[in-house]
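Participant: Got a structure here, written out as structure tokens. Questions coming.
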Amino acid sequence: DTVLASTAAHPQRPIVMLVDTAGQRLARRDELLGINGYFAHLAQTLDLARRRGARLVTLVYGESVSGGFLSFGLMADLIHALPDAQVRVMDLRAMARVTKQPLEKLQALSLTSPVFAPGVENYVAMGAVQSLWDGDLAHHLLEALRAAVDGDHRAALGAERGGRTLAAQVAIAVSHGNA
């Protein structure tokens with residue numbers, strides 16, 4: 001309904017996603033029941049809303065983990081968080097199992113590289129989170145809704161902030177067919 005309403009009566013109606021996935025306890029059972037299809041449908045719906053003129057803003061106010069962050073967070077035009085929010089895509093223990101790397105090695109890497117470390121500050125450094133909202137939340141929301149959105153600048157922001165030093169260069173090389 002929101003997507004359809006944003007195209008007819010209110011072409012610029014924003015969609016603000018409030019993210020707290022603390023209750024998300026995904027297990028193999030959930031995956032077998034089709035949680036991936038739900039997340040894919042959500043991503044398609046948000047993409048359609050964006051293409052029809054809706055502004056997508058995410059505010060992480062609690063915990064944003066795995067698919068919840070990927071679906072709600074990274075699909076937005078702008079992602080913001082409260083200072084005490086928790087953001088992580090994959091727990092280091094799970095990352096060790098998937099990558100077949102020793103947990104100790106990943107823990108050591110997380111001390112020097114935001115890419116391996118959980119925490120909202122690391123996602124700010126990588127450019128995935130635009131800013132932290134402290135103080136007057138209504139003021140921050142109005143600023144986010146007024147901010148110009150002219151493409152995805154997360155990789156450049158990550159390079160500028162020192163969190164992802166090569167992502168922007170790699171993206172440019174790939175887009176120009178040089179990779």
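Labels used: A, B, ... for chains in the order of the structure tokens, numbers from 1 for residues in each chain, and numbers from 1 for ligands as shown.
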Excluding range 156-161 of chain A and residues on its chain fewer than 3 positions from it, collect all residues at most 9 Å away from it, counting only C-alpha atoms, and give them as a list in words.
Facilitator: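 So the residues in contact are Tyr123, Val124, Ala125, Met126, Gly127, Ala128, Gln130, Asp152, His153, Arg164, Thr165, Leu166, Ala167, Ala168 and Gln169 of chain A.
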Participant: Can you pull out every residue from range 34-67 of chain A that DSSP, working from the backbone, puts in strand (DSSP E or B), and format the result as number ranges by chain?
Facilitator: A: 56-60, 63-65
Participant: Go ahead and compute the interatomic distance for CA of Gln101 in chain A and CA of Gln86 in chain A, in Å to one decimal.
Facilitator: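 Distance reported for this atom pair: 24.1 Å.
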Participant: For the atom pair CA of Pro118 in chain A and CA of Leu106 in chain A, what is the interatomic distance in Å to one decimal place?
Facilitator: 11.5 Å
Participant: Using only C-alpha atoms, pick whichever of A:Ser131, A:Ser110, A:Asn122, A:Gln44 has the shortest atom-to-atom distance to Ala81 in chain A.
Facilitator: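 Answer, going by the shortest atom-to-atom distance: A:Ser131.
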Participant: Give me, please, the distance in Å between CA of Val174 in chain A and CA of Leu109 in chain A, quoted to one decimal.
Facilitator: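 We find that CA of Val174 in chain A and CA of Leu109 in chain A lie 26.2 Å from each other.
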Participant: So that I can check the surroundings of Val60 in chain A, please list as a PyMOL selection string every protein, DNA and RNA residue that reaches within 7 Å of it, counting only C-alpha atoms and ignoring chain neighbours fewer than 6 positions away.
Facilitator: chain A and resi 18-20+80-82+85
Participant: With distances taken over only C-alpha atoms, which of A:Gly135, A:Pro102, A:Gly162, A:Gly53 is nearest to Glu121 in chain A?
Facilitator: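 Using only C-alpha atoms, the shortest distance to Glu121 in chain A belongs to A:Gly162.
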Participant: Give me every helix (DSSP H, G or I) residue in range 11-162 of chain A, going by DSSP on the backbone, as a ChimeraX atom specification.
Facilitator: /A:28-32,35-51,66-73,92-99,103-112,120-125,137-146,154-161
Participant: For Ala144 in chain A, which residue among A:Thr45, A:Ile79, A:Leu32, A:Pro114 is the nearest when counting only C-alpha atoms?
Facilitator: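 Smallest distance to Ala144 in chain A is found for A:Ile79.
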Participant: Can you work out which one of A:Leu92, A:Val170, A:Ala155, A:Ala147 has the shortest atom-to-atom distance to Leu78 in chain A, counting only C-alpha atoms?
Facilitator: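 Nearest candidate to Leu78 in chain A out of A:Leu92, A:Val170, A:Ala155, A:Ala147: A:Ala147.
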Participant: Give me the residues within 10 Å of Leu103 in chain A as a list in words, counting only C-alpha atoms and dropping any in the same chain fewer than 5 places off.
Facilitator: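 The contact residues come out as Leu92, Arg93, Ala94, Met95, Ala96, Arg97, Ala108 and Leu109 of chain A.
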Participant: Restricting the output to N, CA and C atoms, write the selected residues as an mmCIF file, in the first residue's frame.
Facilitator:
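Final output, saved to selection_22.cif:
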data_model
loop_
_atom_site.group_PDB
_atom_site.id
_atom_site.type_symbol
_atom_site.label_atom_id
_atom_site.label_comp_id
_atom_site.auth_asym_id
_atom_site.auth_seq_id
_atom_site.Cartn_x
_atom_site.Cartn_y
_atom_site.Cartn_z
ATOM 1 N N LEU A 92 31.852 -13.130 14.463
ATOM 2 C CA LEU A 92 33.181 -13.626 14.119
ATOM 3 C C LEU A 92 33.272 -15.152 14.184
ATOM 4 N N ARG A 93 32.544 -15.781 15.107
ATOM 5 C CA ARG A 93 32.564 -17.253 15.170
ATOM 6 C C ARG A 93 31.970 -17.850 13.900
ATOM 7 N N ALA A 94 30.865 -17.268 13.425
ATOM 8 C CA ALA A 94 30.255 -17.747 12.180
ATOM 9 C C ALA A 94 31.176 -17.457 10.994
ATOM 10 N N MET A 95 31.810 -16.287 11.010
ATOM 11 C CA MET A 95 32.732 -15.936 9.930
ATOM 12 C C MET A 95 33.897 -16.921 9.879
ATOM 13 N N ALA A 96 34.379 -17.335 11.042
ATOM 14 C CA ALA A 96 35.476 -18.310 11.086
ATOM 15 C C ALA A 96 35.037 -19.641 10.483
ATOM 16 N N ARG A 97 33.809 -20.069 10.781
ATOM 17 C CA ARG A 97 33.312 -21.326 10.205
ATOM 18 C C ARG A 97 33.178 -21.229 8.695
ATOM 19 N N ALA A 108 41.982 -10.830 15.818
ATOM 20 C CA ALA A 108 43.119 -9.911 15.680
ATOM 21 C C ALA A 108 42.856 -8.897 14.570
ATOM 22 N N LEU A 109 42.308 -9.359 13.447
ATOM 23 C CA LEU A 109 41.991 -8.449 12.346
ATOM 24 C C LEU A 109 40.937 -7.426 12.760
#
